[in-house]
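Student: Next comes the structure file final-v9.cif, holding mmCIF, C-alpha atoms and all ligand atoms.
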```
data_data
loop_
_atom_site.label_atom_id
_atom_site.label_comp_id
_atom_site.auth_asym_id
_atom_site.auth_seq_id
_atom_site.Cartn_x
_atom_site.Cartn_y
_atom_site.Cartn_z
CA MET X 112 84.69 -44.96 -11.57
CA ILE X 113 84.31 -45.11 -15.35
CA LEU X 114 87.30 -44.84 -17.69
CA SER X 115 86.30 -43.24 -21.02
CA ILE X 116 88.10 -43.24 -24.37
CA GLU X 117 87.64 -40.85 -27.34
CA SER X 118 89.27 -41.46 -30.75
CA SER X 119 86.53 -40.60 -33.29
CA CYS X 120 88.71 -38.14 -35.25
CA ASP X 121 92.04 -36.47 -34.48
CA ASP X 122 92.11 -36.23 -30.68
CA SER X 123 93.34 -39.12 -28.50
CA SER X 124 91.78 -38.67 -25.09
CA ILE X 125 91.10 -40.66 -21.92
CA ALA X 126 89.23 -39.59 -18.78
CA ILE X 127 88.22 -41.12 -15.47
CA THR X 128 84.94 -40.00 -13.89
CA GLU X 129 83.62 -40.89 -10.44
CA ILE X 130 80.13 -42.37 -10.70
CA ALA X 131 78.65 -41.16 -7.40
CA THR X 132 79.92 -37.55 -7.55
CA LYS X 133 80.36 -36.96 -11.36
CA LYS X 134 83.84 -35.69 -10.44
CA LEU X 135 86.42 -35.69 -13.23
CA ILE X 136 89.30 -37.56 -11.59
CA TYR X 137 91.67 -37.66 -14.58
CA HIS X 138 91.59 -36.16 -18.08
CA LYS X 139 94.20 -36.02 -20.81
CA LYS X 140 94.05 -35.27 -24.51
CA ILE X 141 96.76 -35.47 -27.15
CA SER X 142 95.72 -33.55 -30.24
CA GLN X 143 97.04 -34.37 -33.71
CA GLU X 144 96.41 -30.92 -35.19
CA LEU X 145 100.07 -30.25 -36.01
CA GLU X 146 100.52 -33.56 -37.83
CA HIS X 147 97.43 -32.97 -40.02
CA SER X 148 98.04 -29.27 -40.55
CA VAL X 149 100.38 -29.73 -43.52
CA TYR X 150 97.60 -31.61 -45.35
CA GLY X 151 94.92 -28.99 -44.61
CA GLY X 152 92.64 -31.62 -43.05
CA VAL X 153 92.57 -34.93 -41.17
CA VAL X 154 94.25 -37.86 -42.96
CA PRO X 155 92.39 -40.91 -41.57
CA GLU X 156 95.23 -43.48 -41.80
CA LEU X 157 97.70 -41.08 -40.19
CA ALA X 158 95.15 -40.31 -37.46
CA SER X 159 94.70 -44.01 -36.78
CA ARG X 160 98.46 -44.58 -36.46
CA LEU X 161 98.81 -41.60 -34.11
CA HIS X 162 95.98 -42.90 -31.88
CA ALA X 163 97.74 -46.28 -31.72
CA GLU X 164 100.79 -44.48 -30.29
CA ALA X 165 99.08 -41.92 -28.04
CA LEU X 166 96.27 -43.89 -26.40
CA PRO X 167 98.51 -46.50 -24.70
CA ARG X 168 100.79 -43.70 -23.47
CA ILE X 169 97.86 -41.92 -21.79
CA LEU X 170 96.41 -45.19 -20.49
CA GLY X 171 99.68 -45.90 -18.67
CA GLU X 172 98.97 -42.91 -16.41
CA CYS X 173 95.54 -44.33 -15.48
CA GLU X 174 96.81 -47.59 -13.96
CA PRO X 175 96.53 -46.40 -10.32
CA TRP X 176 92.72 -46.28 -10.72
CA PHE X 177 92.25 -49.62 -12.55
CA SER X 178 91.07 -51.48 -9.44
CA GLN X 179 88.28 -48.91 -8.90
CA LEU X 180 86.82 -49.07 -12.43
CA LYS X 181 83.26 -50.36 -12.92
CA ALA X 182 83.12 -49.96 -16.73
CA ILE X 183 85.00 -48.73 -19.80
CA ALA X 184 83.14 -46.17 -21.93
CA VAL X 185 84.16 -45.61 -25.54
CA THR X 186 83.00 -43.56 -28.52
CA ASN X 187 81.78 -46.14 -31.03
CA GLU X 188 79.78 -43.84 -33.38
CA PRO X 189 79.87 -41.64 -35.51
CA GLY X 190 83.40 -40.84 -36.69
CA LEU X 191 86.21 -42.16 -38.86
CA GLY X 192 86.05 -45.98 -38.97
CA VAL X 193 89.84 -46.38 -38.81
CA THR X 194 90.16 -44.15 -35.74
CA LEU X 195 87.04 -45.32 -33.86
CA ILE X 196 88.48 -48.83 -33.99
CA GLU X 197 91.59 -47.76 -32.04
CA GLY X 198 89.50 -46.69 -29.04
CA VAL X 199 87.05 -49.59 -29.29
CA VAL X 200 89.81 -52.21 -29.45
CA MET X 201 91.46 -50.65 -26.39
CA ALA X 202 88.12 -50.66 -24.55
CA LYS X 203 87.59 -54.33 -25.39
CA ALA X 204 91.10 -55.29 -24.25
CA LEU X 205 90.58 -53.46 -20.94
CA SER X 206 87.17 -55.06 -20.54
CA ILE X 207 88.67 -58.54 -20.91
CA SER X 208 91.69 -57.94 -18.70
CA LEU X 209 89.80 -56.12 -15.89
CA GLY X 210 86.61 -58.20 -16.15
CA ILE X 211 84.28 -55.17 -16.47
CA PRO X 212 81.70 -54.22 -19.17
CA VAL X 213 81.92 -51.67 -22.00
CA ILE X 214 79.55 -48.72 -22.46
CA PRO X 215 79.28 -47.64 -26.13
CA ILE X 216 78.78 -43.86 -26.46
CA ASN X 217 77.47 -41.81 -29.37
CA HIS X 218 79.93 -38.95 -29.95
CA LEU X 219 77.12 -36.42 -30.49
CA LYS X 220 75.59 -37.29 -27.10
CA GLY X 221 79.08 -36.75 -25.69
CA HIS X 222 79.17 -33.21 -27.12
CA ILE X 223 75.75 -32.51 -25.59
CA TYR X 224 76.88 -33.74 -22.16
CA SER X 225 80.05 -31.60 -22.41
CA LEU X 226 77.69 -28.93 -21.01
CA PHE X 227 77.27 -30.86 -17.77
CA ILE X 228 80.77 -31.97 -16.73
CA GLU X 229 80.79 -32.44 -12.95
CA GLN X 230 77.17 -31.19 -12.93
CA GLU X 231 73.58 -32.38 -13.08
CA ALA X 232 72.06 -32.14 -16.56
CA LEU X 233 69.63 -29.24 -17.16
CA LEU X 234 66.92 -30.66 -19.42
CA PRO X 235 64.90 -30.30 -21.59
CA LEU X 236 66.90 -28.11 -23.90
CA THR X 237 67.49 -27.37 -27.58
CA VAL X 238 71.07 -27.75 -28.78
CA LEU X 239 72.90 -26.36 -31.79
CA LEU X 240 75.75 -28.80 -32.43
CA VAL X 241 78.45 -27.28 -34.64
CA SER X 242 81.56 -29.35 -35.23
CA GLY X 243 83.81 -30.53 -38.03
CA GLY X 244 81.45 -33.39 -38.85
CA HIS X 245 78.03 -32.01 -37.90
CA THR X 246 75.69 -29.03 -37.96
CA GLN X 247 72.50 -30.07 -36.22
CA LEU X 248 69.65 -28.67 -34.22
CA ILE X 249 68.65 -31.24 -31.59
CA GLU X 250 65.77 -31.29 -29.13
CA VAL X 251 67.02 -33.05 -26.00
CA LYS X 252 64.41 -34.33 -23.55
CA SER X 253 66.63 -36.89 -21.84
CA TYR X 254 69.73 -38.99 -22.52
CA SER X 255 67.64 -41.55 -24.38
CA ASP X 256 65.15 -39.13 -25.96
CA MET X 257 66.84 -36.80 -28.44
CA LYS X 258 65.44 -35.68 -31.80
CA THR X 259 67.39 -34.07 -34.65
CA VAL X 260 65.13 -31.35 -36.08
CA ALA X 261 67.56 -29.87 -38.62
CA THR X 262 70.80 -31.02 -40.18
CA THR X 263 73.19 -30.08 -42.96
CA MET X 264 72.63 -31.07 -46.57
CA ASP X 265 76.39 -31.15 -47.30
CA ASP X 266 79.33 -29.68 -45.36
CA SER X 267 79.23 -28.74 -41.69
CA TYR X 268 79.78 -25.27 -40.16
CA GLY X 269 83.25 -26.17 -38.78
CA GLU X 270 84.22 -28.02 -41.95
CA SER X 271 83.47 -24.92 -44.05
CA PHE X 272 85.97 -22.95 -41.90
CA ASP X 273 88.52 -25.76 -42.43
CA LYS X 274 88.01 -25.67 -46.21
CA VAL X 275 88.26 -21.88 -46.46
CA ALA X 276 91.48 -21.99 -44.40
CA LYS X 277 92.83 -24.66 -46.75
CA MET X 278 92.02 -22.49 -49.81
CA MET X 279 94.00 -19.66 -48.19
CA GLY X 280 96.87 -22.02 -47.31
CA LEU X 281 96.49 -21.33 -43.58
CA GLY X 282 96.62 -24.86 -42.14
CA TYR X 283 94.28 -26.93 -39.94
CA PRO X 284 92.00 -26.64 -38.02
CA GLY X 285 90.61 -23.68 -39.90
CA GLY X 286 88.07 -22.47 -37.32
CA PRO X 287 90.36 -20.53 -34.98
CA LEU X 288 92.61 -19.41 -37.89
CA ILE X 289 89.71 -17.91 -39.85
CA GLU X 290 88.12 -16.41 -36.72
CA ASN X 291 91.41 -14.65 -35.88
CA MET X 292 91.96 -13.45 -39.43
CA ALA X 293 88.36 -12.20 -39.65
CA GLN X 294 89.06 -9.78 -36.78
CA GLU X 295 91.45 -7.87 -39.06
CA GLY X 296 89.03 -7.78 -41.99
CA ASP X 297 86.07 -5.76 -43.27
CA PRO X 298 83.03 -8.06 -43.44
CA GLY X 299 81.25 -5.61 -45.77
CA ARG X 300 83.78 -5.78 -48.60
CA PHE X 301 82.33 -9.01 -50.04
CA ALA X 302 78.60 -9.70 -50.29
CA PHE X 303 78.31 -13.49 -50.24
CA THR X 304 74.80 -14.92 -50.60
CA VAL X 305 73.43 -16.48 -47.41
CA PRO X 306 72.75 -20.18 -48.13
CA LEU X 307 69.07 -21.24 -48.38
CA TRP X 308 67.87 -17.71 -47.51
CA GLN X 309 64.81 -18.07 -49.71
CA SER X 310 64.05 -21.64 -48.71
CA PRO X 311 61.33 -22.41 -46.15
CA LEU X 312 63.37 -25.45 -45.08
CA ILE X 313 65.02 -25.46 -41.67
CA ALA X 314 68.25 -27.06 -42.86
CA PHE X 315 71.87 -26.08 -43.36
CA SER X 316 74.14 -26.05 -46.41
CA TYR X 317 77.69 -24.78 -46.84
CA SER X 318 78.86 -26.05 -50.23
CA GLY X 319 77.51 -23.05 -52.19
CA LEU X 320 79.09 -20.53 -49.83
CA LYS X 321 82.36 -22.45 -50.03
CA ASN X 322 82.35 -22.04 -53.81
CA GLN X 323 81.61 -18.31 -53.59
CA VAL X 324 84.59 -17.97 -51.25
CA ARG X 325 86.78 -20.04 -53.57
CA LEU X 326 86.10 -17.62 -56.44
CA ALA X 327 86.94 -14.64 -54.21
CA VAL X 328 90.17 -16.28 -52.99
CA GLU X 329 91.25 -17.06 -56.56
CA ALA X 330 90.49 -13.53 -57.79
CA ASN X 331 92.25 -11.64 -54.99
CA SER X 332 95.66 -11.26 -53.42
CA VAL X 333 96.68 -12.42 -49.93
CA SER X 334 96.26 -8.90 -48.53
CA VAL X 335 92.51 -9.17 -49.17
CA TYR X 336 92.13 -12.54 -47.35
CA PRO X 337 91.15 -10.97 -43.99
CA ASP X 338 88.18 -9.25 -45.70
CA ILE X 339 87.18 -12.54 -47.34
CA ALA X 340 87.51 -14.36 -43.99
CA ALA X 341 85.37 -11.73 -42.23
CA ALA X 342 82.67 -11.81 -44.93
CA PHE X 343 82.69 -15.62 -44.95
CA GLN X 344 82.35 -15.90 -41.15
CA LYS X 345 79.53 -13.31 -41.18
CA THR X 346 77.62 -15.16 -43.94
CA ALA X 347 78.17 -18.67 -42.50
CA THR X 348 76.87 -17.44 -39.15
CA GLU X 349 74.00 -15.42 -40.64
CA HIS X 350 72.83 -18.67 -42.27
CA VAL X 351 72.64 -20.39 -38.85
CA ILE X 352 70.89 -17.35 -37.34
CA GLN X 353 68.25 -17.15 -40.12
CA LYS X 354 67.37 -20.81 -39.63
CA LEU X 355 67.30 -20.52 -35.84
CA LYS X 356 64.92 -17.54 -36.12
CA LYS X 357 62.65 -19.62 -38.34
CA TYR X 358 62.73 -22.49 -35.85
CA PHE X 359 62.04 -20.19 -32.89
CA LYS X 360 58.83 -18.98 -34.62
CA SER X 361 57.25 -22.37 -34.01
CA THR X 362 59.15 -23.40 -30.87
CA SER X 363 60.22 -20.54 -28.61
CA PRO X 364 63.35 -21.47 -26.73
CA LYS X 365 63.43 -21.59 -22.94
CA ARG X 366 66.91 -23.05 -22.67
CA PHE X 367 69.35 -23.21 -25.57
CA ALA X 368 72.90 -24.51 -25.94
CA ILE X 369 75.71 -24.45 -28.49
CA VAL X 370 78.14 -27.38 -28.39
CA GLY X 371 80.91 -28.90 -30.55
CA GLY X 372 84.33 -27.65 -31.59
CA ALA X 373 82.95 -24.66 -33.51
CA SER X 374 80.94 -23.49 -30.48
CA ALA X 375 84.22 -21.83 -29.45
CA ASN X 376 83.59 -19.23 -32.18
CA LEU X 377 82.90 -15.92 -30.39
CA TYR X 378 81.12 -14.32 -33.35
CA LEU X 379 78.66 -17.24 -33.40
CA ARG X 380 78.20 -17.10 -29.62
CA GLU X 381 77.47 -13.35 -29.73
CA SER X 382 75.07 -13.69 -32.68
CA VAL X 383 73.07 -16.45 -30.96
CA THR X 384 73.01 -14.50 -27.69
CA LYS X 385 71.40 -11.54 -29.53
CA ILE X 386 68.55 -13.56 -31.02
CA LEU X 387 67.83 -15.32 -27.72
CA ALA X 388 67.46 -12.01 -25.85
CA PRO X 389 63.76 -11.37 -26.74
CA TYR X 390 62.86 -14.86 -25.48
CA LYS X 391 64.73 -14.40 -22.19
CA ALA X 392 66.09 -17.89 -22.87
CA GLU X 393 69.08 -19.18 -20.97
CA LEU X 394 72.17 -19.90 -23.14
CA LEU X 395 74.33 -22.83 -22.04
CA LEU X 396 77.90 -23.22 -23.31
CA SER X 397 80.58 -25.78 -22.54
CA GLU X 398 83.83 -24.68 -20.96
CA LEU X 399 86.24 -23.89 -23.82
CA LYS X 400 88.47 -26.89 -23.01
CA PHE X 401 85.46 -29.21 -23.42
CA CYS X 402 84.14 -27.75 -26.73
CA SER X 403 86.38 -29.77 -29.04
CA ASP X 404 86.61 -33.56 -28.88
CA ASN X 405 87.58 -34.95 -25.48
CA ALA X 406 87.03 -38.00 -23.29
CA ALA X 407 85.64 -36.03 -20.31
CA MET X 408 82.40 -35.47 -22.25
CA ILE X 409 82.28 -39.18 -23.18
CA GLY X 410 82.71 -40.06 -19.50
CA ARG X 411 79.95 -37.62 -18.48
CA ALA X 412 77.56 -39.13 -21.07
CA ALA X 413 78.58 -42.59 -19.84
CA LEU X 414 77.29 -41.77 -16.34
CA GLU X 415 73.80 -41.50 -17.85
CA ALA X 416 74.21 -44.65 -19.95
CA TYR X 417 75.51 -46.58 -16.92
CA LYS X 418 72.43 -45.56 -14.89
CA LEU X 419 70.23 -46.78 -17.75
CA GLY X 420 71.94 -50.19 -17.78
CA GLU X 421 73.71 -49.69 -21.11
CA ALA X 422 76.97 -51.37 -19.98
CA LYS X 423 77.48 -54.41 -22.21
CA SER X 424 79.73 -57.35 -22.90
CA TYR X 425 82.75 -56.40 -25.02
CA GLU X 426 81.51 -58.86 -27.66
CA SER X 427 78.48 -56.72 -28.52
CA ILE X 428 80.05 -53.33 -29.27
CA PRO X 429 79.57 -52.34 -32.94
CA ILE X 430 81.46 -49.55 -34.72
CA ASN X 431 79.09 -47.27 -36.67
CA PRO X 432 81.07 -44.58 -38.56
CA ARG X 433 77.97 -42.95 -40.08
CA CYS X 434 75.45 -43.37 -37.29
CA LYS X 435 73.15 -40.48 -36.30
CA LEU X 436 71.70 -39.80 -32.86
O1 LIG X 501 83.98 -31.11 -32.16
P1 LIG X 501 85.28 -31.10 -32.90
O2 LIG X 501 86.54 -31.01 -32.08
O3 LIG X 501 85.43 -32.34 -33.83
C1 LIG X 501 84.35 -32.94 -34.49
O4 LIG X 501 83.57 -33.66 -33.83
O5 LIG X 501 84.25 -32.66 -35.71
O6 LIG X 501 85.20 -29.87 -33.91
C2 LIG X 501 86.27 -29.52 -34.72
C3 LIG X 501 85.80 -28.48 -35.68
C4 LIG X 501 86.82 -28.15 -36.78
O7 LIG X 501 86.15 -28.11 -38.02
C5 LIG X 501 87.29 -26.75 -36.37
O8 LIG X 501 87.75 -25.95 -37.46
C6 LIG X 501 86.04 -26.18 -35.76
O9 LIG X 501 85.52 -27.24 -34.98
N1 LIG X 501 86.35 -25.02 -34.90
C7 LIG X 501 85.90 -23.78 -35.15
C8 LIG X 501 86.48 -22.95 -34.16
N2 LIG X 501 87.24 -23.73 -33.32
C9 LIG X 501 87.14 -25.01 -33.80
N3 LIG X 501 85.11 -23.30 -36.13
C10 LIG X 501 84.84 -21.97 -36.13
N4 LIG X 501 85.37 -21.12 -35.23
C11 LIG X 501 86.18 -21.56 -34.23
N5 LIG X 501 86.68 -20.69 -33.34
ZN ZN X 502 83.27 -33.88 -32.05
#
```
Would you encode the structure as structure tokens?
Tutor:
Amino acid sequence: MILSIESSCDDSSIAITEIATKKLIYHKKISQELEHSVYGGVVPELASRLHAEALPRILGECEPWFSQLKAIAVTNEPGLGVTLIEGVVMAKALSISLGIPVIPINHLKGHIYSLFIEQEALLPLTVLLVSGGHTQLIEVKSYSDMKTVATTMDDSYGESFDKVAKMMGLGYPGGPLIENMAQEGDPGRFAFTVPLWQSPLIAFSYSGLKNQVRLAVEANSVSVYPDIAAAFQKTATEHVIQKLKKYFKSTSPKRFAIVGGASANLYLRESVTKILAPYKAELLLSELKFCSDNAAMIGRAALEAYKLGEAKSYESIPINPRCKL
């Protein structure tokens, strides 16, 4: 079995996965959303302190399986430096005390493998990764052959929802709050400009849209916020759809997936489903409980890394907060 640890942002999570069967034997996550909500976003030092409390508590429940562990997997990149270190230090301590190696896991690969928990991977595939830290289009041939073909120039899709929610004083995380509020609103009342609509680039950008929304929030009363939320969600998603359409002109999709915390957004899911229809492409989605950060996806990715011989001595595990794929 492999024990996996995730602490790249504001979720403390540990899982145990059986190597031969891919079965998820144990999985627990303690989210810090409530603690960060009052600040309208994740406060790194607070997150680090909360991981230091939560991870050992979860680990205590895993002791019955310690004798069956072959390796400890841990997210070591990308993420917040002060929170990644909490998981990596725990992985190193376990590695020393149990005499087993560490498997470093890239968080983005974890999100991609959240599609295949307790299953064989279906590859090749193109993935839209939408989270609080990333908005990327990735061509995945295998675990060790992934290519980012488009990325964001500034904020990410999920982050823009968080920032709009903060402007409206709604709390954190903003994604589900804005999605719910948007259901009550009229998306046609505000005509926000779709980012990069005239640009031939296949890239993403959310800072301009964020500023358009800020002006609307400042100029209107709270009763109008649902209309602003609906127009914002429509425009943010239309931006993704325009760029996907452009990409599909040169590379028609056979199999497509949306992963990451913001892949829970139903409006986004429906919009992507519509543009995939003419291609008869299969759309893969993670189970809702595996969309946001969790250690089950890190454990699933670790099964691939373990097969490829990526288990290492605890002494050679770097922490790379800004690493890409
Ligand atoms: O993958 P994740 O848990 O953490 C990162 O790796 O960043 O994603 C969290 C992000 C947050 O920005 C959150 O607001 C966003 O995902 N999110 C959503 C929704 N649910 C979560 N964004 C839009 N709509 C949602 N329903
Ligand atoms: Zn994530």
Student: Give as a short mmCIF file (atom, residue, chain, number, x, y, z; two decimals) with C-alpha atoms, in the frame of the given file the residues surrounding ligand LIG 501 (chain X) up to a distance of 8 Å, considering only C-alpha atoms and all ligand atoms.
Tutor:
```
data_model
loop_
_atom_site.label_atom_id
_atom_site.label_comp_id
_atom_site.auth_asym_id
_atom_site.auth_seq_id
_atom_site.Cartn_x
_atom_site.Cartn_y
_atom_site.Cartn_z
CA SER X 119 86.53 -40.60 -33.29
CA CYS X 120 88.71 -38.14 -35.25
CA ASP X 121 92.04 -36.47 -34.48
CA ASP X 122 92.11 -36.23 -30.68
CA GLY X 190 83.40 -40.84 -36.69
CA HIS X 218 79.93 -38.95 -29.95
CA LEU X 219 77.12 -36.42 -30.49
CA HIS X 222 79.17 -33.21 -27.12
CA VAL X 241 78.45 -27.28 -34.64
CA SER X 242 81.56 -29.35 -35.23
CA GLY X 243 83.81 -30.53 -38.03
CA GLY X 244 81.45 -33.39 -38.85
CA HIS X 245 78.03 -32.01 -37.90
CA SER X 267 79.23 -28.74 -41.69
CA TYR X 268 79.78 -25.27 -40.16
CA GLY X 269 83.25 -26.17 -38.78
CA GLU X 270 84.22 -28.02 -41.95
CA SER X 271 83.47 -24.92 -44.05
CA PHE X 272 85.97 -22.95 -41.90
CA ASP X 273 88.52 -25.76 -42.43
CA TYR X 283 94.28 -26.93 -39.94
CA PRO X 284 92.00 -26.64 -38.02
CA GLY X 285 90.61 -23.68 -39.90
CA GLY X 286 88.07 -22.47 -37.32
CA PRO X 287 90.36 -20.53 -34.98
CA LEU X 288 92.61 -19.41 -37.89
CA ILE X 289 89.71 -17.91 -39.85
CA GLU X 290 88.12 -16.41 -36.72
CA VAL X 370 78.14 -27.38 -28.39
CA GLY X 371 80.91 -28.90 -30.55
CA GLY X 372 84.33 -27.65 -31.59
CA ALA X 373 82.95 -24.66 -33.51
CA SER X 374 80.94 -23.49 -30.48
CA ALA X 375 84.22 -21.83 -29.45
CA ASN X 376 83.59 -19.23 -32.18
CA LEU X 377 82.90 -15.92 -30.39
CA LEU X 379 78.66 -17.24 -33.40
CA CYS X 402 84.14 -27.75 -26.73
CA SER X 403 86.38 -29.77 -29.04
CA ASP X 404 86.61 -33.56 -28.88
CA ASN X 405 87.58 -34.95 -25.48
#
```
Student: When distances are computed from all atoms listed in the file, which of X:Ile228, X:Leu281, X:Ala261, X:Leu240 shows the smallest separation from ligand ZN 502 (chain X)?
Tutor: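 Residue with the minimum atom-to-atom distance to ligand ZN 502 (chain X): X:Leu240.
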Student: If you count only C-alpha atoms, which residues fall within 12 Å of Gly221 (chain X), apart from same-chain ones fewer than 6 positions away, as a count of residues only?
Tutor: 35
Student: Residues near Ala368 (chain X), anyone? I mean within 8 Å using only C-alpha atoms, not counting same-chain ones fewer than 3 positions away, as a PyMOL selection string.
Tutor: chain X and resi 236-239+394-396
Student: X:Leu248, X:Ala341, X:Met292, X:Leu191: which is nearest Ser159 (chain X), counting all atoms listed in the file?
Tutor: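 With all atoms listed in the file as the atom set, the closest residue is X:Leu191.
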Student: Under the rule that all atoms listed in the file are counted, which of X:Gly420, X:Pro364, X:Pro298, X:Pro212 is the nearest residue to Ile113 (chain X)?
Tutor: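 Counting all atoms listed in the file, the residue closest to Ile113 (chain X) is X:Pro212.
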Student: Have a look at X:Ser148, X:Thr263, X:Gln179, X:Asn217 and name the one nearest to ligand ZN 502 (chain X); count all atoms listed in the file.
Tutor: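 Looking at the shortest contact to ligand ZN 502 (chain X), the residue is X:Asn217.
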Student: Can you measure CA of Ser142 (chain X) to CA of Thr194 (chain X) for me? One decimal in Å is fine.
Tutor: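 We find that CA of Ser142 (chain X) and CA of Thr194 (chain X) lie 13.2 Å from each other.
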Student: One number please: CA of Lys354 (chain X) to CA of Ala232 (chain X), in Å, one decimal.
Tutor: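 Here the two named atoms are 26.1 Å from each other.
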Student: Between CA of Ala340 (chain X) and CA of Gly319 (chain X), measure the distance and give it in Å to one decimal.
Tutor: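 Separation between CA of Ala340 (chain X) and CA of Gly319 (chain X): 15.6 Å.
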Student: List as a JSON list (two decimals) with C-alpha atoms, in the coordinates of the input the protein and nucleic acid residues near region 423-428 of chain X, meaning an atom at most 12 Å away when only C-alpha atoms are counted, but skip any in the same chain fewer than 3 places from it.
Tutor:
```json
[["chain", "number", "residue", "atom", "x", "y", "z"],
["X", 181, "LYS", "CA", 83.26, -50.36, -12.92],
["X", 182, "ALA", "CA", 83.12, -49.96, -16.73],
["X", 183, "ILE", "CA", 85.00, -48.73, -19.80],
["X", 184, "ALA", "CA", 83.14, -46.17, -21.93],
["X", 185, "VAL", "CA", 84.16, -45.61, -25.54],
["X", 186, "THR", "CA", 83.00, -43.56, -28.52],
["X", 187, "ASN", "CA", 81.78, -46.14, -31.03],
["X", 188, "GLU", "CA", 79.78, -43.84, -33.38],
["X", 195, "LEU", "CA", 87.04, -45.32, -33.86],
["X", 196, "ILE", "CA", 88.48, -48.83, -33.99],
["X", 198, "GLY", "CA", 89.50, -46.69, -29.04],
["X", 199, "VAL", "CA", 87.05, -49.59, -29.29],
["X", 200, "VAL", "CA", 89.81, -52.21, -29.45],
["X", 201, "MET", "CA", 91.46, -50.65, -26.39],
["X", 202, "ALA", "CA", 88.12, -50.66, -24.55],
["X", 203, "LYS", "CA", 87.59, -54.33, -25.39],
["X", 204, "ALA", "CA", 91.10, -55.29, -24.25],
["X", 205, "LEU", "CA", 90.58, -53.46, -20.94],
["X", 206, "SER", "CA", 87.17, -55.06, -20.54],
["X", 207, "ILE", "CA", 88.67, -58.54, -20.91],
["X", 208, "SER", "CA", 91.69, -57.94, -18.70],
["X", 209, "LEU", "CA", 89.80, -56.12, -15.89],
["X", 210, "GLY", "CA", 86.61, -58.20, -16.15],
["X", 211, "ILE", "CA", 84.28, -55.17, -16.47],
["X", 212, "PRO", "CA", 81.70, -54.22, -19.17],
["X", 213, "VAL", "CA", 81.92, -51.67, -22.00],
["X", 214, "ILE", "CA", 79.55, -48.72, -22.46],
["X", 215, "PRO", "CA", 79.28, -47.64, -26.13],
["X", 216, "ILE", "CA", 78.78, -43.86, -26.46],
["X", 217, "ASN", "CA", 77.47, -41.81, -29.37],
["X", 416, "ALA", "CA", 74.21, -44.65, -19.95],
["X", 417, "TYR", "CA", 75.51, -46.58, -16.92],
["X", 419, "LEU", "CA", 70.23, -46.78, -17.75],
["X", 420, "GLY", "CA", 71.94, -50.19, -17.78],
["X", 431, "ASN", "CA", 79.09, -47.27, -36.67]]
```
Student: Pick the closest to ligand ZN 502 (chain X) from X:Gln294, X:Ile386, X:Ser118, X:Ile136: which is it, counting all atoms listed in the file?
Tutor: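 Ranked by minimum distance to ligand ZN 502 (chain X), first place goes to X:Ser118.
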Student: Determine the nearest neighbour of ligand ZN 502 (chain X) from the options X:Gln143, X:Thr128, X:Ser316, X:Ser225, counting only C-alpha atoms and all ligand atoms.
Tutor: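 Ranked by minimum distance to ligand ZN 502 (chain X), first place goes to X:Ser225.
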Student: Please tell me which residues are no farther than 7 Å from (62.6, -31.1, -19.1) in the file, counting only C-alpha atoms, and write them as a CSV table (one decimal) with C-alpha atoms, keeping the file's coordinate frame.
Tutor:
```
chain,number,residue,atom,x,y,z
X,234,LEU,CA,66.9,-30.7,-19.4
X,235,PRO,CA,64.9,-30.3,-21.6
X,252,LYS,CA,64.4,-34.3,-23.6
```
